[in-house]
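Right, one structure below, let's go through it.
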There are 2 protein chains.
Amino acid sequence: MNDIKQFLRSNALRPTKQRIVIAGYLFDGTDKHVTAESLSTELAKRKHIISLATIYNTLHDFYENGLLKKLTLSADRVYFDTNTDDHHHFYSEKEQFLIDINKNIKVNGLPKTPKNKKINKIEVIVHLDK
Amino acid sequence: MNDIKQFLRSNALRPTKQRIVIAGYLFDGTDKHVTAESLSTELAKRKHIISLATIYNTLHDFYENGLLKKLTLSADRVYFDTNTDDHHHFYSEKEQFLIDINKNIKVNGLPKTPKNKKINKIEVIVHLDK
DNA sequence: TATCAGTTTAGAATGATTCTAAAGTGTTGA
DNA sequence: TCAACACTTTAGAATCATTCTAAACTGATA
């Protein structure tokens with residue numbers, strides 16, 4: 001609890017009740033993939049009712065501070081990943097199935113980066129099913 | 001024109017005025033990336049006013065028939081690619097910058113596919129800038 | 001050429017996300 | 001300790017890409 005407060009402060013985020021609850025859930029030591037909706041549902045189960053607006057705000061605040069990764073898996077919703085290490089994903093849109101690939105993947109044969117551009121990240125998505 | 005009709009028929013798509021115009025634009029021999037919106041704008045420039053609903057319908061019809069690839073680049077809109085070969089992309093969300101990587105990319109070190117699943121496709125997105 | 005299934009379309013509906021502006025709350029300095 | 005203020009939260013409205021609806025239209029076929 002105080003760890004969480006410190007953790008938020010150290011990321012220049014005021015430790016409000018809501019952020020403490022959300023951070024407590026997200027950063028409990030196990031990797032998680034969430035959407036605004038799934039996070040809301042999960043917190044509601046735990047009797048923490050936080051407005052969707054705040055959930056969106058908080059996910060973005062955490063993302064802006066590098067505490068979450070944003071995943072681009074399908075065009076209909078945004079996923080956030082608590083595992084911020086370089087890693088990739090197996091994904092089945094049909095089944096909303098999403099698992100980390102933590103093994104060291106190598107992408108070989110990339111052409112040179114376009115002029116005046118820098119690579120921000122390389123995302124490998126292994127789509128399952130169709 | 002008759003080629004286009006034949007082309008559509010051979011894909012079990014009735015060659016309507018609208019589909020002929022859209023196919024004529026999309027499959028003119030140069031690779032293209034479009035969204036429903038950009039396609040609509042591009043056709044309007046050519047004095048072809050086609051309803052957005054039809055543009056969405058047609059893009060999906062073409063996609064379902066394997067004439068287009070669907071790209072998952074950002075969560076706010078769907079991109080379609082006339083290049084249906086296996087290939088990947090450089091992408092800058094900020095600049096709406098999108099180019100094909102046609103070189104033979106190899107992804108090494110993938111773990112084994114989850115039980116009872118089959119890989120549909122592997123998508124590599126090289127994100128530029130942030 | 002009449003018929004009908006397949007298409008197109010305007011406009012409404014949907015659903016994720018963002019915005020607004022008013023009320024609430026950490027933080028800080030005295 | 002507390003006043004004051006900047007930062008947050010929130011309900012509800014707004015936005016925007018996309019899908020749906022159901023009525024009008026049009027290729028294909030006999």
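FYI, nothing fancy with the structure tokens labels: chains A, B, ... in order, residues from 1 per chain, ligands from 1 as they appear.
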
**Item:** Contacts of range 3-16 of chain A within 12 Å, only C-alpha atoms (C1' of nucleotides), excl. fewer than 6 positions in-chain, as number ranges by chain
**Value:** A: 22-28, 50, 54, 57-58, 60-67; C: 24-27; D: 6-9

For the selection you just gave me, I'd like the residues written to a file as a CSV table (one decimal), in the first residue's frame, keeping N, CA, C and O atoms (P, O5', C5', C4', C3', O3' and C1' of nucleotides).
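Below you can see selection_5.csv, which holds the result:
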```csv
chain,number,residue,atom,x,y,z
A,22,ILE,N,-6.0,0.7,-8.8
A,22,ILE,CA,-5.7,0.1,-10.2
A,22,ILE,C,-4.3,-0.4,-10.2
A,22,ILE,O,-4.0,-1.5,-10.7
A,23,ALA,N,-3.4,0.4,-9.7
A,23,ALA,CA,-2.0,-0.1,-9.7
A,23,ALA,C,-1.8,-1.4,-8.8
A,23,ALA,O,-1.1,-2.3,-9.2
A,24,GLY,N,-2.6,-1.4,-7.7
A,24,GLY,CA,-2.5,-2.6,-6.9
A,24,GLY,C,-2.9,-3.8,-7.6
A,24,GLY,O,-2.3,-4.9,-7.5
A,25,TYR,N,-3.9,-3.7,-8.4
A,25,TYR,CA,-4.4,-4.8,-9.2
A,25,TYR,C,-3.4,-5.1,-10.4
A,25,TYR,O,-3.0,-6.3,-10.5
A,26,LEU,N,-3.1,-4.1,-11.1
A,26,LEU,CA,-2.2,-4.3,-12.3
A,26,LEU,C,-0.8,-4.9,-12.0
A,26,LEU,O,-0.3,-5.8,-12.6
A,27,PHE,N,-0.2,-4.3,-10.9
A,27,PHE,CA,1.2,-4.6,-10.7
A,27,PHE,C,1.3,-5.5,-9.5
A,27,PHE,O,2.1,-5.2,-8.6
A,28,ASP,N,0.6,-6.5,-9.4
A,28,ASP,CA,0.6,-7.5,-8.3
A,28,ASP,C,1.7,-8.5,-8.5
A,28,ASP,O,1.7,-9.5,-7.8
A,50,ILE,N,-14.9,2.2,-10.1
A,50,ILE,CA,-14.2,3.3,-10.6
A,50,ILE,C,-14.8,3.7,-11.9
A,50,ILE,O,-15.0,2.8,-12.8
A,54,THR,N,-12.1,7.4,-15.6
A,54,THR,CA,-10.9,7.3,-14.8
A,54,THR,C,-10.1,6.1,-15.2
A,54,THR,O,-8.8,6.2,-15.2
A,57,ASN,N,-8.3,7.2,-18.2
A,57,ASN,CA,-7.3,8.2,-17.8
A,57,ASN,C,-6.1,7.5,-17.2
A,57,ASN,O,-4.9,7.8,-17.6
A,58,THR,N,-6.3,6.6,-16.3
A,58,THR,CA,-5.3,6.0,-15.6
A,58,THR,C,-4.4,5.1,-16.5
A,58,THR,O,-3.2,5.1,-16.4
A,60,HIS,N,-3.9,5.4,-19.5
A,60,HIS,CA,-3.1,6.3,-20.3
A,60,HIS,C,-2.0,6.9,-19.5
A,60,HIS,O,-0.8,7.0,-20.0
A,61,ASP,N,-2.3,7.3,-18.3
A,61,ASP,CA,-1.2,7.9,-17.5
A,61,ASP,C,-0.1,6.9,-17.2
A,61,ASP,O,1.1,7.2,-17.4
A,62,PHE,N,-0.5,5.6,-16.9
A,62,PHE,CA,0.5,4.6,-16.7
A,62,PHE,C,1.3,4.3,-18.0
A,62,PHE,O,2.5,4.2,-18.0
A,63,TYR,N,0.6,4.3,-19.1
A,63,TYR,CA,1.2,4.1,-20.4
A,63,TYR,C,2.2,5.2,-20.7
A,63,TYR,O,3.4,4.9,-21.0
A,64,GLU,N,1.8,6.4,-20.5
A,64,GLU,CA,2.7,7.6,-20.8
A,64,GLU,C,4.0,7.5,-19.9
A,64,GLU,O,5.0,8.0,-20.3
A,65,ASN,N,3.8,6.9,-18.8
A,65,ASN,CA,5.0,6.8,-17.9
A,65,ASN,C,5.7,5.5,-18.0
A,65,ASN,O,6.6,5.1,-17.2
A,66,GLY,N,5.4,4.7,-19.1
A,66,GLY,CA,6.2,3.5,-19.4
A,66,GLY,C,5.8,2.3,-18.4
A,66,GLY,O,6.6,1.4,-18.4
A,67,LEU,N,4.7,2.4,-17.7
A,67,LEU,CA,4.4,1.3,-16.8
A,67,LEU,C,3.6,0.3,-17.5
A,67,LEU,O,3.4,-0.8,-17.0
C,24,DG,P,-18.6,17.4,-4.2
C,24,DG,O5',-17.2,16.8,-4.4
C,24,DG,C5',-17.0,15.6,-5.1
C,24,DG,C4',-15.6,15.1,-5.0
C,24,DG,C3',-15.0,15.1,-3.6
C,24,DG,O3',-14.3,13.9,-3.4
C,24,DG,C1',-13.7,16.4,-5.1
C,25,DT,P,-13.5,13.7,-2.1
C,25,DT,O5',-12.0,14.0,-2.5
C,25,DT,C5',-11.3,13.2,-3.5
C,25,DT,C4',-9.9,13.5,-3.5
C,25,DT,C3',-9.3,13.6,-2.1
C,25,DT,O3',-7.9,13.2,-2.2
C,25,DT,C1',-8.9,15.6,-3.1
C,26,DG,P,-7.3,12.0,-1.6
C,26,DG,O5',-5.9,11.9,-2.3
C,26,DG,C5',-4.9,12.4,-1.6
C,26,DG,C4',-3.9,13.0,-2.6
C,26,DG,C3',-2.7,13.3,-1.9
C,26,DG,O3',-1.6,13.2,-2.7
C,26,DG,C1',-3.7,15.3,-2.5
C,27,DT,P,-0.1,13.3,-2.0
C,27,DT,O5',0.1,14.9,-2.0
C,27,DT,C5',0.1,15.6,-3.2
C,27,DT,C4',0.6,17.0,-3.0
C,27,DT,C3',1.7,17.1,-2.0
C,27,DT,O3',2.7,17.9,-2.6
C,27,DT,C1',0.0,18.6,-1.4
D,6,DA,P,-3.3,27.0,-9.3
D,6,DA,O5',-2.4,25.7,-9.8
D,6,DA,C5',-1.3,25.2,-9.1
D,6,DA,C4',-1.4,23.7,-9.1
D,6,DA,C3',-1.8,23.1,-10.5
D,6,DA,O3',-0.9,22.0,-10.7
D,6,DA,C1',-3.4,22.4,-8.9
D,7,DC,P,-0.9,21.1,-12.0
D,7,DC,O5',-1.6,19.8,-11.5
D,7,DC,C5',-1.1,19.1,-10.4
D,7,DC,C4',-2.0,18.0,-9.9
D,7,DC,C3',-2.4,17.1,-11.1
D,7,DC,O3',-2.4,15.8,-10.6
D,7,DC,C1',-4.4,17.9,-10.0
D,8,DT,P,-2.6,14.5,-11.5
D,8,DT,O5',-3.8,13.8,-10.7
D,8,DT,C5',-4.9,14.5,-10.4
D,8,DT,C4',-6.0,13.6,-9.8
D,8,DT,C3',-6.5,12.5,-10.7
D,8,DT,O3',-6.9,11.4,-9.9
D,8,DT,C1',-8.1,14.2,-10.3
D,9,DT,P,-7.6,10.1,-10.6
D,9,DT,O5',-9.1,10.5,-10.4
D,9,DT,C5',-9.7,10.5,-9.1
D,9,DT,C4',-11.2,10.8,-9.2
D,9,DT,C3',-12.0,9.8,-10.1
D,9,DT,O3',-13.1,9.3,-9.3
D,9,DT,C1',-12.4,12.1,-10.8
```

**Message:** I'd like the neighbourhood of DG12 in chain D as a PyMOL selection string, where a residue qualifies if any of its atoms comes within 12 Å (using only C-alpha atoms (C1' of nucleotides)), though same-chain residues fewer than 3 positions away should be ignored.
**Reply:** (chain A and resi 51-53) or (chain C and resi 19-22)

**Request:** Check the smallest atom-to-atom distance from each of B:Val34, B:Met1, B:Leu98, B:Val78 to chain D using only C-alpha atoms (C1' of nucleotides), then report the winner.
**Result:**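 Result for the nearest residue to chain D: B:Val78.
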
**Request:** Output as a list in words the set of chain D residues within 9 Å of chain B, with distances taken over only C-alpha atoms (C1' of nucleotides).
**Result:**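 Selected residues: DA17, DT18, DT19, DT26 and DG27 of chain D.
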
**DSSP strand (DSSP E) residues within chain A, as a VMD selection string** = chain A and resid 33 to 34 69 to 74 77 to 81 88 to 92 97 to 101 106 to 108 119 to 128

Select all residues from chain A having any atom no more than 8 Å from an atom of chain B (counting only C-alpha atoms, ignoring ligands), output as a compact mmCIF listing (two decimals) with N, CA and C atoms, in the first residue's frame.
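Output file out.txt is given in full below:
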```txt
# COMPACT_ATOMS: atom_id res chain seq x y z
N THR A 72 -1.44 -3.50 -30.19
CA THR A 72 -2.25 -3.24 -31.37
C THR A 72 -2.63 -4.57 -31.97
N LEU A 73 -3.70 -5.13 -31.50
CA LEU A 73 -4.02 -6.49 -31.91
C LEU A 73 -5.19 -6.55 -32.87
N SER A 74 -6.20 -5.81 -32.58
CA SER A 74 -7.34 -5.75 -33.49
C SER A 74 -7.80 -4.31 -33.46
N ALA A 75 -8.63 -3.96 -34.39
CA ALA A 75 -8.95 -2.55 -34.52
C ALA A 75 -10.09 -2.13 -33.61
N ASP A 76 -10.62 -3.04 -32.84
CA ASP A 76 -11.82 -2.64 -32.12
C ASP A 76 -11.64 -2.32 -30.64
N ARG A 77 -10.46 -2.48 -30.13
CA ARG A 77 -10.24 -2.06 -28.75
C ARG A 77 -8.74 -2.04 -28.49
N VAL A 78 -8.36 -1.35 -27.43
CA VAL A 78 -6.94 -1.24 -27.10
C VAL A 78 -6.62 -2.16 -25.92
N ILE A 101 4.81 -14.16 -25.74
CA ILE A 101 5.94 -14.94 -26.22
C ILE A 101 7.16 -14.27 -25.62
N LYS A 103 10.06 -15.80 -25.16
CA LYS A 103 11.31 -16.32 -25.71
C LYS A 103 11.96 -15.29 -26.60
N ASN A 104 13.24 -15.43 -26.74
CA ASN A 104 13.97 -14.45 -27.52
C ASN A 104 13.75 -14.64 -29.01
N ILE A 105 12.85 -13.84 -29.53
CA ILE A 105 12.58 -13.91 -30.95
C ILE A 105 13.54 -13.01 -31.70
N LYS A 106 14.01 -13.49 -32.84
CA LYS A 106 14.88 -12.67 -33.68
C LYS A 106 14.18 -12.42 -35.00
N VAL A 107 14.17 -11.18 -35.40
CA VAL A 107 13.62 -10.84 -36.71
C VAL A 107 14.80 -10.54 -37.63
N ASN A 108 15.01 -11.40 -38.61
CA ASN A 108 16.15 -11.24 -39.51
C ASN A 108 15.71 -10.77 -40.89
N GLY A 109 16.57 -10.02 -41.52
CA GLY A 109 16.30 -9.64 -42.91
C GLY A 109 15.58 -8.33 -43.07
N LEU A 110 15.51 -7.54 -42.00
CA LEU A 110 14.87 -6.23 -42.12
C LEU A 110 15.66 -5.36 -43.08
N PRO A 111 14.98 -4.64 -43.96
CA PRO A 111 15.69 -3.70 -44.83
C PRO A 111 16.11 -2.50 -44.00
N LYS A 117 14.23 8.25 -40.08
CA LYS A 117 13.29 7.63 -39.15
C LYS A 117 14.10 6.78 -38.18
N LYS A 118 13.51 6.57 -37.02
CA LYS A 118 14.13 5.68 -36.04
C LYS A 118 13.13 4.62 -35.67
N ILE A 119 13.63 3.42 -35.44
CA ILE A 119 12.73 2.35 -35.02
C ILE A 119 12.35 2.53 -33.56
N ASN A 120 11.09 2.54 -33.30
CA ASN A 120 10.61 2.66 -31.93
C ASN A 120 10.48 1.28 -31.31
N LYS A 121 9.78 0.40 -31.99
CA LYS A 121 9.69 -0.97 -31.50
C LYS A 121 9.28 -1.89 -32.65
N ILE A 122 9.63 -3.14 -32.49
CA ILE A 122 9.24 -4.15 -33.47
C ILE A 122 8.22 -5.04 -32.81
N GLU A 123 7.09 -5.17 -33.45
CA GLU A 123 5.98 -5.93 -32.86
C GLU A 123 5.73 -7.16 -33.73
N VAL A 124 5.79 -8.31 -33.11
CA VAL A 124 5.48 -9.54 -33.84
C VAL A 124 4.19 -10.12 -33.27
N ILE A 125 3.20 -10.25 -34.12
CA ILE A 125 1.93 -10.83 -33.68
C ILE A 125 1.71 -12.12 -34.46
N VAL A 126 1.59 -13.21 -33.73
CA VAL A 126 1.32 -14.49 -34.38
C VAL A 126 -0.18 -14.73 -34.28
N HIS A 127 -0.86 -14.51 -35.38
CA HIS A 127 -2.31 -14.66 -35.39
C HIS A 127 -2.68 -16.14 -35.50
N LEU A 128 -3.54 -16.58 -34.60
CA LEU A 128 -4.00 -17.97 -34.60
C LEU A 128 -5.40 -18.01 -35.20
N ASP A 129 -5.77 -19.14 -35.72
CA ASP A 129 -7.09 -19.28 -36.32
C ASP A 129 -7.28 -18.20 -37.38
N LYS A 130 -8.47 -18.09 -37.86
CA LYS A 130 -8.74 -16.97 -38.78
C LYS A 130 -10.03 -16.34 -38.35
```

**Prompt:** Any idea which chain C residues end up within 10 Å of chain B if we count only C-alpha atoms (C1' of nucleotides), as a PyMOL selection string please?
**Reply:** chain C and resi 6-10+16-17

May I have the selected residues written with N, CA and C atoms (P, O5', C5', C4', C3', O3' and C1' of nucleotides), as a CSV table (one decimal), in the first residue's frame?
```csv
chain,number,residue,atom,x,y,z
C,6,DG,P,-28.6,-14.6,-53.4
C,6,DG,O5',-27.9,-13.2,-53.9
C,6,DG,C5',-27.4,-13.2,-55.3
C,6,DG,C4',-26.9,-11.8,-55.6
C,6,DG,C3',-26.0,-11.2,-54.5
C,6,DG,O3',-25.0,-10.4,-55.2
C,6,DG,C1',-27.8,-9.9,-54.7
C,7,DT,P,-23.8,-9.7,-54.5
C,7,DT,O5',-24.0,-8.2,-55.0
C,7,DT,C5',-25.2,-7.6,-54.8
C,7,DT,C4',-25.1,-6.2,-55.3
C,7,DT,C3',-24.2,-5.3,-54.4
C,7,DT,O3',-23.7,-4.3,-55.2
C,7,DT,C1',-26.5,-4.7,-54.1
C,8,DT,P,-22.7,-3.1,-54.6
C,8,DT,O5',-23.8,-2.0,-54.3
C,8,DT,C5',-24.4,-1.3,-55.3
C,8,DT,C4',-25.3,-0.2,-54.8
C,8,DT,C3',-24.6,0.8,-53.9
C,8,DT,O3',-24.9,2.1,-54.4
C,8,DT,C1',-26.6,-0.1,-52.8
C,9,DT,P,-24.1,3.4,-53.8
C,9,DT,O5',-25.2,3.9,-52.7
C,9,DT,C5',-26.5,4.2,-53.2
C,9,DT,C4',-27.3,4.5,-52.0
C,9,DT,C3',-26.6,5.3,-50.9
C,9,DT,O3',-27.3,6.6,-50.8
C,9,DT,C1',-27.8,3.5,-49.9
C,10,DA,P,-26.6,7.9,-50.3
C,10,DA,O5',-27.6,8.4,-49.3
C,10,DA,C5',-29.0,8.4,-49.6
C,10,DA,C4',-29.9,8.4,-48.4
C,10,DA,C3',-29.4,9.3,-47.3
C,10,DA,O3',-30.6,9.9,-46.7
C,10,DA,C1',-29.3,7.1,-46.4
C,16,DA,P,-17.6,-1.8,-26.7
C,16,DA,O5',-16.2,-1.0,-26.8
C,16,DA,C5',-15.3,-1.3,-27.9
C,16,DA,C4',-14.5,-0.1,-28.1
C,16,DA,C3',-13.7,0.4,-26.9
C,16,DA,O3',-12.4,0.7,-27.4
C,16,DA,C1',-15.1,2.2,-27.8
C,17,DT,P,-11.3,1.1,-26.3
C,17,DT,O5',-11.3,2.7,-26.3
C,17,DT,C5',-11.1,3.3,-27.5
C,17,DT,C4',-11.5,4.8,-27.4
C,17,DT,C3',-10.8,5.5,-26.3
C,17,DT,O3',-9.8,6.4,-26.9
C,17,DT,C1',-13.0,6.2,-26.5
```

**Request:** Work out how far apart CA of Asp81 in chain B and CA of Lys69 in chain B are and give it in Å to one decimal.
**Result:**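 Separation between CA of Asp81 in chain B and CA of Lys69 in chain B: 5.0 Å.
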
Considering only C-alpha atoms (C1' of nucleotides), return as a compact mmCIF listing (two decimals) with N, CA, C and O atoms (P, O5', C5', C4', C3', O3' and C1' of nucleotides), in the first residue's frame whatever protein or nucleic-acid residues lie within 12 Å of DT28 in chain C, sequence-local ones (same chain, fewer than 4 positions apart) excluded.
```
# COMPACT_ATOMS: atom_id res chain seq x y z
P DC D 2 -7.26 22.40 11.63
O5' DC D 2 -6.72 23.30 10.43
C5' DC D 2 -6.34 24.64 10.69
C4' DC D 2 -6.20 25.36 9.36
C3' DC D 2 -7.32 24.99 8.37
O3' DC D 2 -7.54 26.13 7.55
C1' DC D 2 -5.27 24.35 7.45
P DA D 3 -8.98 26.48 7.03
O5' DA D 3 -8.60 27.70 6.07
C5' DA D 3 -7.52 28.57 6.43
C4' DA D 3 -6.76 28.95 5.17
C3' DA D 3 -7.65 29.17 3.96
O3' DA D 3 -7.12 30.26 3.22
C1' DA D 3 -6.14 27.37 3.52
P DA D 4 -7.82 30.76 1.92
O5' DA D 4 -6.93 30.06 0.82
C5' DA D 4 -5.51 30.19 0.90
C4' DA D 4 -4.91 29.57 -0.35
C3' DA D 4 -5.80 29.74 -1.58
O3' DA D 4 -4.94 30.01 -2.69
C1' DA D 4 -5.43 27.44 -1.18
P DC D 5 -5.60 30.33 -4.12
O5' DC D 5 -4.96 29.19 -5.01
C5' DC D 5 -3.61 28.80 -4.78
C4' DC D 5 -3.39 27.47 -5.47
C3' DC D 5 -4.13 27.36 -6.81
O3' DC D 5 -3.27 26.67 -7.71
C1' DC D 5 -4.71 25.55 -5.45
P DA D 6 -3.26 26.97 -9.26
O5' DA D 6 -2.44 25.74 -9.84
C5' DA D 6 -1.34 25.21 -9.08
C4' DA D 6 -1.42 23.70 -9.08
C3' DA D 6 -1.75 23.11 -10.46
O3' DA D 6 -0.91 21.99 -10.66
C1' DA D 6 -3.38 22.40 -8.88
```
